[in-house]
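Visitor: Next comes input23.txt, compact mmCIF, C-alpha atoms:
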# COMPACT_ATOMS: atom_id res chain seq x y z
CA MET S 775 8.44 -15.79 -11.80
CA THR S 776 6.79 -14.62 -8.60
CA ILE S 777 3.05 -14.08 -8.92
CA ASP S 778 2.24 -10.84 -7.13
CA ARG S 779 0.10 -7.76 -7.54
CA ARG S 780 2.83 -5.33 -8.42
CA ALA S 781 2.72 -5.83 -12.19
CA LEU S 782 -1.07 -5.73 -12.11
CA LEU S 783 -1.32 -2.70 -9.87
CA ALA S 784 1.47 -0.78 -11.53
CA GLY S 785 -0.56 -0.70 -14.69
CA ALA S 786 -3.99 -0.41 -13.23
CA ALA S 787 -3.95 2.80 -11.32
CA GLY S 788 -2.31 4.81 -14.04
CA LEU S 789 -4.79 4.36 -16.88
CA ALA S 790 -6.40 7.74 -16.64
CA ALA S 791 -3.29 9.79 -17.18
CA ALA S 792 -4.14 9.42 -20.83
CA SER S 793 -7.81 10.24 -20.23
CA LEU S 794 -6.99 13.22 -18.03
CA GLY S 795 -4.61 14.64 -20.61
CA PRO S 796 -1.54 16.84 -20.08
CA SER S 797 -3.52 20.00 -19.40
CA ALA S 798 -5.45 18.36 -16.57
CA VAL S 799 -2.23 17.02 -15.09
CA ARG S 800 -0.64 20.48 -15.23
CA ALA S 801 -3.70 21.97 -13.56
CA ALA S 802 -3.54 19.33 -10.83
CA ALA S 803 0.07 20.20 -10.15
CA ALA S 804 -0.58 23.94 -10.09
CA PRO S 805 1.52 26.18 -7.82
CA GLY S 806 0.38 26.16 -4.22
CA ARG S 807 -0.31 22.43 -4.29
CA ALA S 808 3.29 21.37 -4.78
CA ASN S 809 4.16 22.01 -1.13
CA ARG S 810 1.48 19.69 0.26
CA LEU S 811 2.70 16.50 1.93
CA ILE S 812 1.20 13.49 0.15
CA VAL S 813 2.12 10.01 1.34
CA ASN S 814 0.82 6.90 -0.37
CA ALA S 815 0.87 4.25 2.35
CA LEU S 816 0.92 1.52 -0.31
CA GLY S 817 1.71 2.12 -3.95
CA GLY S 818 4.44 1.73 -6.54
CA LEU S 819 6.47 3.23 -9.36
CA SER S 820 6.67 1.50 -12.74
CA ASP S 821 5.47 1.68 -16.34
CA PRO S 822 2.84 -0.93 -17.25
CA ASN S 823 3.54 -0.36 -20.93
CA VAL S 824 7.10 -1.72 -20.72
CA GLU S 825 7.32 -5.39 -19.82
CA GLY S 826 10.43 -6.64 -18.03
CA ALA S 827 12.23 -3.29 -17.93
CA ASP S 828 15.68 -3.45 -16.35
CA ASP S 829 14.98 -0.11 -14.68
CA PRO S 830 11.32 0.63 -13.83
CA TYR S 831 12.14 4.25 -13.01
CA SER S 832 12.00 5.58 -16.55
CA PRO S 833 11.88 9.33 -17.28
CA ARG S 834 8.15 8.99 -17.86
CA VAL S 835 7.53 7.21 -14.57
CA LEU S 836 9.53 9.76 -12.60
CA ALA S 837 7.92 12.71 -14.39
CA GLU S 838 4.40 11.44 -13.75
CA ALA S 839 5.21 10.68 -10.14
CA ARG S 840 6.40 14.26 -9.69
CA GLU S 841 3.27 15.58 -11.42
CA SER S 842 1.13 13.58 -9.00
CA GLY S 843 2.56 15.55 -6.07
CA VAL S 844 3.40 12.43 -4.07
CA THR S 845 6.11 12.92 -1.44
CA ALA S 846 6.67 9.34 -0.35
CA ILE S 847 5.39 5.87 -1.25
CA ASN S 848 5.43 2.59 0.64
CA CYS S 849 6.51 0.22 -2.15
CA THR S 850 6.23 -3.55 -1.94
CA PHE S 851 9.46 -5.50 -2.31
CA GLY S 852 10.29 -9.10 -1.51
CA TYR S 853 8.30 -12.28 -1.90
CA VAL S 854 4.50 -12.18 -2.11
CA ALA S 855 3.68 -15.54 -3.72
CA GLY S 856 4.99 -17.99 -6.29
CA PRO S 857 7.49 -20.83 -6.69
CA ASP S 858 10.67 -18.94 -5.68
CA ASP S 859 12.27 -19.48 -2.31
CA PRO S 860 10.69 -16.67 -0.24
CA PHE S 861 13.84 -15.77 1.71
CA GLU S 862 16.23 -15.78 -1.24
CA ALA S 863 13.75 -13.91 -3.45
CA SER S 864 13.30 -11.23 -0.80
CA VAL S 865 17.00 -10.68 -0.21
CA ARG S 866 17.59 -10.39 -3.96
CA ASP S 867 14.67 -8.03 -4.43
CA VAL S 868 15.73 -5.65 -1.68
CA ALA S 869 19.30 -5.63 -2.99
CA LYS S 870 18.01 -4.91 -6.50
CA ALA S 871 15.82 -2.10 -5.17
CA ASP S 872 18.86 -0.53 -3.51
CA ALA S 873 20.83 -0.71 -6.75
CA LEU S 874 17.99 0.90 -8.70
CA LEU S 875 17.65 3.76 -6.23
CA ARG S 876 21.37 4.42 -6.50
CA ARG S 877 20.84 5.06 -10.22
CA HIS S 878 18.45 7.93 -9.45
CA PRO S 879 19.86 9.96 -6.55
CA ALA S 880 18.41 13.19 -7.91
CA ASP S 881 14.87 11.79 -7.95
CA LEU S 882 14.52 9.04 -5.35
CA LEU S 883 15.38 8.74 -1.67
CA LYS S 884 15.31 5.59 0.45
CA VAL S 885 13.31 6.19 3.61
CA PHE S 886 14.73 4.87 6.87
CA GLY S 887 12.95 7.23 9.24
CA ALA S 888 10.39 10.00 9.46
CA ALA S 889 13.06 12.63 8.84
CA ASP S 890 13.66 11.12 5.40
CA ILE S 891 10.03 11.75 4.43
CA ARG S 892 10.45 15.40 5.41
CA ARG S 893 13.76 15.50 3.55
CA ALA S 894 12.14 14.08 0.42
CA GLY S 895 9.61 16.89 0.51
CA ALA S 896 12.24 19.56 1.15
CA GLU S 897 14.50 18.31 -1.65
CA ARG S 898 11.58 17.63 -4.03
CA LYS S 899 12.45 13.98 -4.29
CA ILE S 900 10.20 10.95 -3.91
CA GLY S 901 10.77 8.97 -0.75
CA ILE S 902 10.65 5.19 -1.15
CA LEU S 903 9.65 3.17 1.90
CA TYR S 904 10.54 -0.52 1.74
CA GLY S 905 7.68 -2.78 2.74
CA PHE S 906 6.83 -6.50 2.64
CA GLN S 907 3.35 -7.93 2.00
CA ASN S 908 3.89 -11.48 3.23
CA GLY S 909 5.87 -12.84 6.17
CA ALA S 910 6.75 -16.08 4.34
CA MET S 911 10.39 -15.00 3.85
CA LEU S 912 11.00 -15.55 7.56
CA GLY S 913 10.56 -19.30 7.20
CA GLU S 914 10.56 -20.43 10.83
CA ASP S 915 13.27 -18.01 11.95
CA ALA S 916 12.06 -14.79 13.56
CA SER S 917 15.64 -13.49 13.77
CA ARG S 918 15.44 -12.82 10.02
CA VAL S 919 13.42 -9.76 11.01
CA ASP S 920 16.71 -8.27 12.22
CA LEU S 921 18.39 -8.93 8.87
CA PHE S 922 15.63 -7.24 6.90
CA ALA S 923 15.56 -4.32 9.33
CA ASP S 924 19.28 -3.87 8.71
CA MET S 925 18.55 -3.90 4.96
CA GLY S 926 16.14 -1.01 5.40
CA VAL S 927 12.76 -2.76 5.34
CA ARG S 928 10.57 -0.53 7.49
CA ILE S 929 7.05 -1.99 7.06
CA PHE S 930 6.16 -5.66 7.50
CA GLN S 931 2.76 -7.06 6.54
CA LEU S 932 2.23 -10.32 8.39
CA THR S 933 0.11 -12.19 5.84
CA TYR S 934 -1.14 -11.97 2.31
CA ASN S 935 -4.65 -13.31 1.55
CA PRO S 936 -4.10 -16.98 2.49
CA ALA S 937 -2.81 -18.28 5.80
CA ASN S 938 0.91 -18.54 6.43
CA ARG S 939 3.11 -19.51 9.38
CA LEU S 940 2.31 -16.24 11.15
CA GLY S 941 -1.48 -16.24 10.95
CA ASP S 942 -4.57 -16.30 8.78
CA GLY S 943 -5.05 -13.91 5.89
CA ALA S 944 -8.29 -12.29 4.79
CA MET S 945 -9.26 -15.23 2.58
CA ALA S 946 -8.46 -18.00 5.08
CA PRO S 947 -11.92 -19.34 6.01
CA GLU S 948 -10.98 -20.52 9.49
CA ASN S 949 -10.10 -17.01 10.80
CA ARG S 950 -7.73 -18.59 13.34
CA GLY S 951 -5.71 -15.52 14.26
CA LEU S 952 -2.02 -15.33 15.07
CA THR S 953 0.08 -18.45 15.48
CA PRO S 954 2.67 -18.70 18.29
CA PHE S 955 5.32 -17.94 15.66
CA GLY S 956 3.30 -14.92 14.55
CA ARG S 957 3.32 -13.63 18.11
CA GLU S 958 7.07 -14.05 18.25
CA VAL S 959 7.42 -12.13 15.00
CA VAL S 960 5.26 -9.23 16.21
CA GLU S 961 7.46 -8.93 19.30
CA ARG S 962 10.57 -8.98 17.11
CA LEU S 963 9.14 -6.32 14.81
CA ASN S 964 8.42 -4.15 17.83
CA ALA S 965 11.98 -4.59 19.03
CA GLN S 966 13.26 -3.44 15.61
CA ARG S 967 10.77 -0.55 15.49
CA MET S 968 9.30 -1.83 12.24
CA ILE S 969 5.67 -1.09 11.41
CA VAL S 970 3.36 -4.09 11.78
CA ASP S 971 0.94 -3.98 8.83
CA LEU S 972 -2.33 -5.97 8.94
CA SER S 973 -3.74 -4.98 5.55
CA HIS S 974 -4.42 -8.49 4.18
CA SER S 975 -4.96 -10.22 7.50
CA GLY S 976 -8.00 -12.05 8.75
CA GLU S 977 -10.03 -10.30 11.42
CA ARG S 978 -8.71 -12.31 14.37
CA THR S 979 -5.13 -11.95 13.19
CA CYS S 980 -5.58 -8.18 13.04
CA LEU S 981 -7.27 -7.87 16.42
CA GLU S 982 -4.76 -10.13 18.16
CA ALA S 983 -1.77 -8.36 16.62
CA ALA S 984 -3.14 -4.94 17.56
CA ARG S 985 -3.56 -6.05 21.17
CA LEU S 986 -0.19 -7.78 21.33
CA SER S 987 1.91 -5.08 19.69
CA THR S 988 3.59 -2.63 22.03
CA ALA S 989 3.68 -0.08 19.19
CA PRO S 990 0.78 1.19 17.08
CA ILE S 991 0.02 -0.97 14.05
CA SER S 992 -1.17 0.00 10.58
CA ILE S 993 -3.68 -1.21 8.02
CA ASN S 994 -2.00 0.53 5.11
CA HIS S 995 -4.44 -0.34 2.32
CA THR S 996 -8.02 -1.38 2.96
CA GLY S 997 -11.68 -0.40 2.80
CA CYS S 998 -14.50 -0.52 5.34
CA ARG S 999 -16.56 -3.70 5.52
CA ALA S 1000 -19.54 -1.83 6.97
CA VAL S 1001 -19.72 0.09 3.69
CA THR S 1002 -18.89 -2.83 1.35
CA ASP S 1003 -19.03 -6.33 2.80
CA LEU S 1004 -15.99 -8.05 1.27
CA PRO S 1005 -13.19 -9.91 3.08
CA ARG S 1006 -10.42 -7.50 2.02
CA ASN S 1007 -12.22 -4.68 3.82
CA LYS S 1008 -11.86 -4.23 7.56
CA THR S 1009 -14.60 -4.53 10.16
CA ASP S 1010 -15.45 -1.66 12.47
CA ALA S 1011 -13.95 -3.69 15.33
CA GLU S 1012 -10.59 -3.79 13.53
CA LEU S 1013 -10.68 -0.14 12.53
CA ARG S 1014 -11.69 0.98 16.00
CA LEU S 1015 -9.05 -1.05 17.83
CA VAL S 1016 -6.25 0.09 15.53
CA ALA S 1017 -7.24 3.71 16.15
CA GLU S 1018 -7.60 3.17 19.89
CA ARG S 1019 -4.04 1.85 19.86
CA ASP S 1020 -2.94 5.03 18.03
CA GLY S 1021 -2.47 3.30 14.68
CA PHE S 1022 -3.09 4.20 11.05
CA VAL S 1023 -5.67 3.13 8.44
CA GLY S 1024 -5.11 3.81 4.71
CA ILE S 1025 -8.04 3.64 2.29
CA TYR S 1026 -7.25 2.08 -1.09
CA PHE S 1027 -8.44 2.83 -4.63
CA MET S 1028 -9.53 -0.73 -5.36
CA PRO S 1029 -12.60 -2.62 -6.69
CA PHE S 1030 -13.37 -3.86 -3.16
CA LEU S 1031 -14.85 -0.43 -2.39
CA ALA S 1032 -18.00 -1.30 -4.37
CA ARG S 1033 -20.00 -4.50 -4.68
CA SER S 1034 -20.11 -4.00 -8.44
CA GLY S 1035 -16.32 -4.11 -8.59
CA ARG S 1036 -16.38 -0.81 -10.52
CA ALA S 1037 -15.40 1.55 -7.75
CA ARG S 1038 -15.66 5.29 -8.29
CA ALA S 1039 -14.31 8.36 -6.55
CA ALA S 1040 -17.54 8.70 -4.57
CA ASP S 1041 -16.84 5.24 -3.09
CA VAL S 1042 -13.38 6.34 -1.96
CA VAL S 1043 -14.92 9.36 -0.24
CA ALA S 1044 -17.59 7.16 1.38
CA HIS S 1045 -14.99 4.77 2.79
CA ILE S 1046 -12.81 7.64 4.02
CA ASP S 1047 -15.90 9.14 5.64
CA HIS S 1048 -16.73 5.92 7.43
CA ALA S 1049 -13.14 5.37 8.55
CA VAL S 1050 -12.98 8.91 9.94
CA ASN S 1051 -16.26 8.36 11.79
CA ILE S 1052 -14.95 5.15 13.36
CA CYS S 1053 -11.28 6.00 13.84
CA GLY S 1054 -11.25 9.77 14.14
CA GLU S 1055 -9.57 12.19 11.76
CA ASP S 1056 -6.08 11.60 13.21
CA HIS S 1057 -5.82 7.96 12.12
CA VAL S 1058 -6.98 7.84 8.48
CA GLY S 1059 -5.00 8.27 5.27
CA ILE S 1060 -4.62 6.77 1.81
CA GLY S 1061 -2.87 3.67 0.54
CA THR S 1062 -4.02 3.44 -3.06
CA ASP S 1063 -2.51 0.03 -3.88
CA GLY S 1064 -1.53 1.43 -7.27
CA THR S 1065 0.73 3.78 -9.15
CA VAL S 1066 0.21 6.78 -11.45
CA THR S 1067 1.68 5.87 -14.84
CA ALA S 1068 -0.79 5.54 -17.71
CA ILE S 1069 -1.78 2.41 -19.62
CA ASP S 1070 -1.56 3.27 -23.31
CA ASP S 1071 -3.51 0.31 -24.70
CA LEU S 1072 -6.51 -0.59 -22.56
CA HIS S 1073 -7.57 -3.44 -24.83
CA ALA S 1074 -4.19 -5.16 -24.42
CA TYR S 1075 -4.27 -4.47 -20.70
CA GLN S 1076 -7.63 -6.19 -20.29
CA ALA S 1077 -6.11 -9.38 -21.69
CA VAL S 1078 -3.17 -9.06 -19.29
CA LEU S 1079 -5.56 -8.50 -16.40
CA ALA S 1080 -7.62 -11.58 -17.23
CA LYS S 1081 -4.46 -13.68 -17.38
CA GLU S 1082 -3.18 -12.38 -14.07
CA ILE S 1083 -6.51 -12.92 -12.30
CA ALA S 1084 -6.48 -16.51 -13.57
CA GLU S 1085 -2.92 -16.97 -12.27
CA ARG S 1086 -3.82 -15.50 -8.89
CA ARG S 1087 -6.81 -17.81 -8.57
CA ALA S 1088 -4.72 -20.83 -9.55
CA ALA S 1089 -2.12 -19.87 -6.94
CA GLY S 1090 -4.80 -19.46 -4.26
CA ILE S 1091 -3.94 -15.83 -3.52
CA SER S 1092 -6.87 -13.92 -5.05
CA ALA S 1093 -9.54 -12.18 -3.00
CA ALA S 1094 -13.31 -12.15 -3.26
CA GLY S 1095 -14.24 -9.27 -5.56
CA GLU S 1096 -11.39 -9.78 -8.05
CA ARG S 1097 -12.73 -10.66 -11.48
CA PRO S 1098 -11.43 -10.35 -15.04
CA ASP S 1099 -14.09 -7.68 -15.67
CA THR S 1100 -13.03 -5.48 -12.74
CA TYR S 1101 -10.14 -3.04 -12.69
CA PRO S 1102 -7.81 -2.73 -9.69
CA PHE S 1103 -8.27 1.03 -9.65
CA VAL S 1104 -11.03 3.59 -9.26
CA VAL S 1105 -12.36 4.44 -12.69
CA ASP S 1106 -12.61 8.21 -12.19
CA LEU S 1107 -9.71 8.66 -9.76
CA ARG S 1108 -6.60 7.64 -11.68
CA GLY S 1109 -3.46 8.99 -13.25
CA PRO S 1110 -1.10 11.76 -12.11
CA GLY S 1111 -4.05 13.93 -11.06
CA GLN S 1112 -5.57 11.37 -8.71
CA PHE S 1113 -4.39 12.86 -5.41
CA PHE S 1114 -5.40 16.41 -6.22
CA ARG S 1115 -8.72 15.20 -7.58
CA LEU S 1116 -9.35 13.47 -4.23
CA ILE S 1117 -8.38 16.64 -2.38
CA ASP S 1118 -10.95 18.58 -4.41
CA LEU S 1119 -13.63 15.96 -3.74
CA LEU S 1120 -12.97 15.93 0.00
CA SER S 1121 -13.09 19.72 0.05
CA ALA S 1122 -16.40 19.69 -1.82
CA HIS S 1123 -17.63 17.10 0.69
CA GLY S 1124 -17.05 19.60 3.49
CA TYR S 1125 -13.66 18.51 4.78
CA SER S 1126 -11.52 21.33 6.13
CA SER S 1127 -8.05 21.94 4.69
CA GLY S 1128 -6.55 20.80 7.98
CA ARG S 1129 -8.41 17.50 7.93
CA ILE S 1130 -7.49 16.96 4.28
CA GLU S 1131 -3.81 17.56 5.02
CA LYS S 1132 -3.97 14.91 7.73
CA ILE S 1133 -5.57 12.38 5.40
CA MET S 1134 -3.21 13.06 2.51
CA GLY S 1135 -0.02 12.60 4.49
CA LEU S 1136 0.30 14.12 7.95
CA ASN S 1137 -1.41 11.22 9.70
CA PHE S 1138 0.96 8.71 8.17
CA LEU S 1139 3.95 10.90 9.02
CA ARG S 1140 2.80 11.09 12.64
CA HIS S 1141 2.34 7.31 12.66
CA VAL S 1142 5.87 6.59 11.50
CA GLU S 1143 7.23 9.16 13.94
CA THR S 1144 5.48 7.25 16.73
CA VAL S 1145 6.83 3.85 15.65
CA TRP S 1146 10.23 4.77 14.20
CA GLY S 1147 11.00 7.93 16.11
CA SER S 1148 11.82 11.22 14.42
Spit out the file's structure as structure tokens when you get a sec.
Guide:
Amino acid sequence: MTIDRRALLAGAAGLAAASLGPSAVRAAAAPGRANRLIVNALGGLSDPNVEGADDPYSPRVLAEARESGVTAINCTFGYVAGPDDPFEASVRDVAKADALLRRHPADLLKVFGAADIRRAGAERKIGILYGFQNGAMLGEDASRVDLFADMGVRIFQLTYNPANRLGDGAMAPENRGLTPFGREVVERLNAQRMIVDLSHSGERTCLEAARLSTAPISINHTGCRAVTDLPRNKTDAELRLVAERDGFVGIYFMPFLARSGRARAADVVAHIDHAVNICGEDHVGIGTDGTVTAIDDLHAYQAVLAKEIAERRAAGISAAGERPDTYPFVVDLRGPGQFFRLIDLLSAHGYSSGRIEKIMGLNFLRHVETVWGS
């Protein structure tokens, strides 16, 4: 079985649906908010309470996703880590994702272009963007980019935390940057108008890719290292260059936002604030790195979390700041009300409605319009 974050994150971000309660969720989804564009630049849809479900899009998952107000989500498919052949695992996973979406045409919409995000909003569906979080499935053949583009993969993260054939990840100590093959892949991604994502990359890999790419790049889920000095967060140099190249930065709801590992909503606001100060308000959004469905049994979940952290460490793919006693979510910004709670916090912090709309979705929509076309 592939060891990746999706099972961990699917459960983590949704815990507070139970703590918020149905009345809070209904209030969050009150009329007037339903028309707001909300795009999660990295997230997922699944139920952490059901292990090995044939179809992750249960009625509960779909209902809570609708309650959250989200319009579109960049979901991770394909190989991230583990013993499976990366190419074969990725082809199978994308094909399975297509089959699952075909089961739910009234609720879900595969996103190929920016128009599909608008269509999802107009039809009150949830747009699913197909993204990869590791370039290992390419092997040594950059032409595989073309195959995955034809399959509808629209976002391609070059590395996960360790180094791979394309470049160094955030946890690779050498910080060597892009390899020659990585440069070839970036050029191929540009040719296919796929988004180059540098979320888990090392600093040099990110800076070199941003300079090399002929299209704007993204850092879909990250924090700011100037606020919290951990490797998974991006330096001001990375944030600034991505913005200067007209790219996008999504702030996550992860433990890396606080040195304690117990991030809170105030930390999310602080990292958004810093990113806006460095990048400008036209280049910042959200990529929570989680979903919205609730964990029903926190005690059981803690045991699952400890096991998964141990597996990630054994596989060499964990990041500094991950511990069995930390949760991969923000403790007071979870569940179906998380997006509207953030909107309220940003408003209370002095952000205008126009700036909030950019952060919650319009900036990402503009980014994909720039890279993909309308």
Visitor: Could you check how far atom CA of S:Glu862 sits from atom CA of S:Phe922, in Å to one decimal?
Guide: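 Here the two named atoms are 11.8 Å from each other.
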Visitor: I'd like the interatomic distance between atom CA of S:Arg918 and atom CA of S:Ile991, to a tenth of an Å.
Guide: 19.9 Å
Visitor: Please, which residues in stretch 1036-1066 of chain S fall within 9 Å of stretch 1129-1140 of chain S when counting only C-alpha atoms, and what is the closest atom pair and distance in Å to one decimal for each, ordered by chain then residue number, as CSV?
Guide:
residue,atom,partner,partner_atom,distance
S:Ile1046,CA,S:Ile1133,CA,8.8
S:Glu1055,CA,S:Arg1129,CA,6.6
S:Asp1056,CA,S:Asn1137,CA,5.9
S:His1057,CA,S:Asn1137,CA,6.0
S:Val1058,CA,S:Ile1133,CA,5.7
S:Gly1059,CA,S:Ile1133,CA,4.2
S:Ile1060,CA,S:Met1134,CA,6.5
Visitor: Select, from S:Pro1029, S:Gly1128, S:Gly817, S:Gly1061, the residue with the minimum atom-to-atom distance to S:Ala1093, counting only C-alpha atoms.
Guide: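 For S:Ala1093, the nearest of the candidates is S:Pro1029.
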Visitor: Which neighbours of S:Asn935 fall inside 10 Å, counting all atoms listed in the file, when residues of the same chain fewer than 5 positions from it are skipped, and could you give them as an mmCIF file with C-alpha atoms, keeping the file's coordinate frame?
Guide:
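Saved the output as part_18.cif:
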data_model
loop_
_atom_site.group_PDB
_atom_site.id
_atom_site.type_symbol
_atom_site.label_atom_id
_atom_site.label_comp_id
_atom_site.auth_asym_id
_atom_site.auth_seq_id
_atom_site.Cartn_x
_atom_site.Cartn_y
_atom_site.Cartn_z
ATOM 1 C CA VAL S 854 4.500 -12.180 -2.110
ATOM 2 C CA GLN S 907 3.350 -7.930 2.000
ATOM 3 C CA ASN S 908 3.890 -11.480 3.230
ATOM 4 C CA ASP S 942 -4.570 -16.300 8.780
ATOM 5 C CA GLY S 943 -5.050 -13.910 5.890
ATOM 6 C CA ALA S 944 -8.290 -12.290 4.790
ATOM 7 C CA MET S 945 -9.260 -15.230 2.580
ATOM 8 C CA ALA S 946 -8.460 -18.000 5.080
ATOM 9 C CA SER S 973 -3.740 -4.980 5.550
ATOM 10 C CA HIS S 974 -4.420 -8.490 4.180
ATOM 11 C CA SER S 975 -4.960 -10.220 7.500
ATOM 12 C CA GLY S 976 -8.000 -12.050 8.750
ATOM 13 C CA PRO S 1005 -13.190 -9.910 3.080
ATOM 14 C CA ARG S 1006 -10.420 -7.500 2.020
ATOM 15 C CA GLY S 1090 -4.800 -19.460 -4.260
ATOM 16 C CA ILE S 1091 -3.940 -15.830 -3.520
ATOM 17 C CA SER S 1092 -6.870 -13.920 -5.050
ATOM 18 C CA ALA S 1093 -9.540 -12.180 -3.000
ATOM 19 C CA ALA S 1094 -13.310 -12.150 -3.260
#
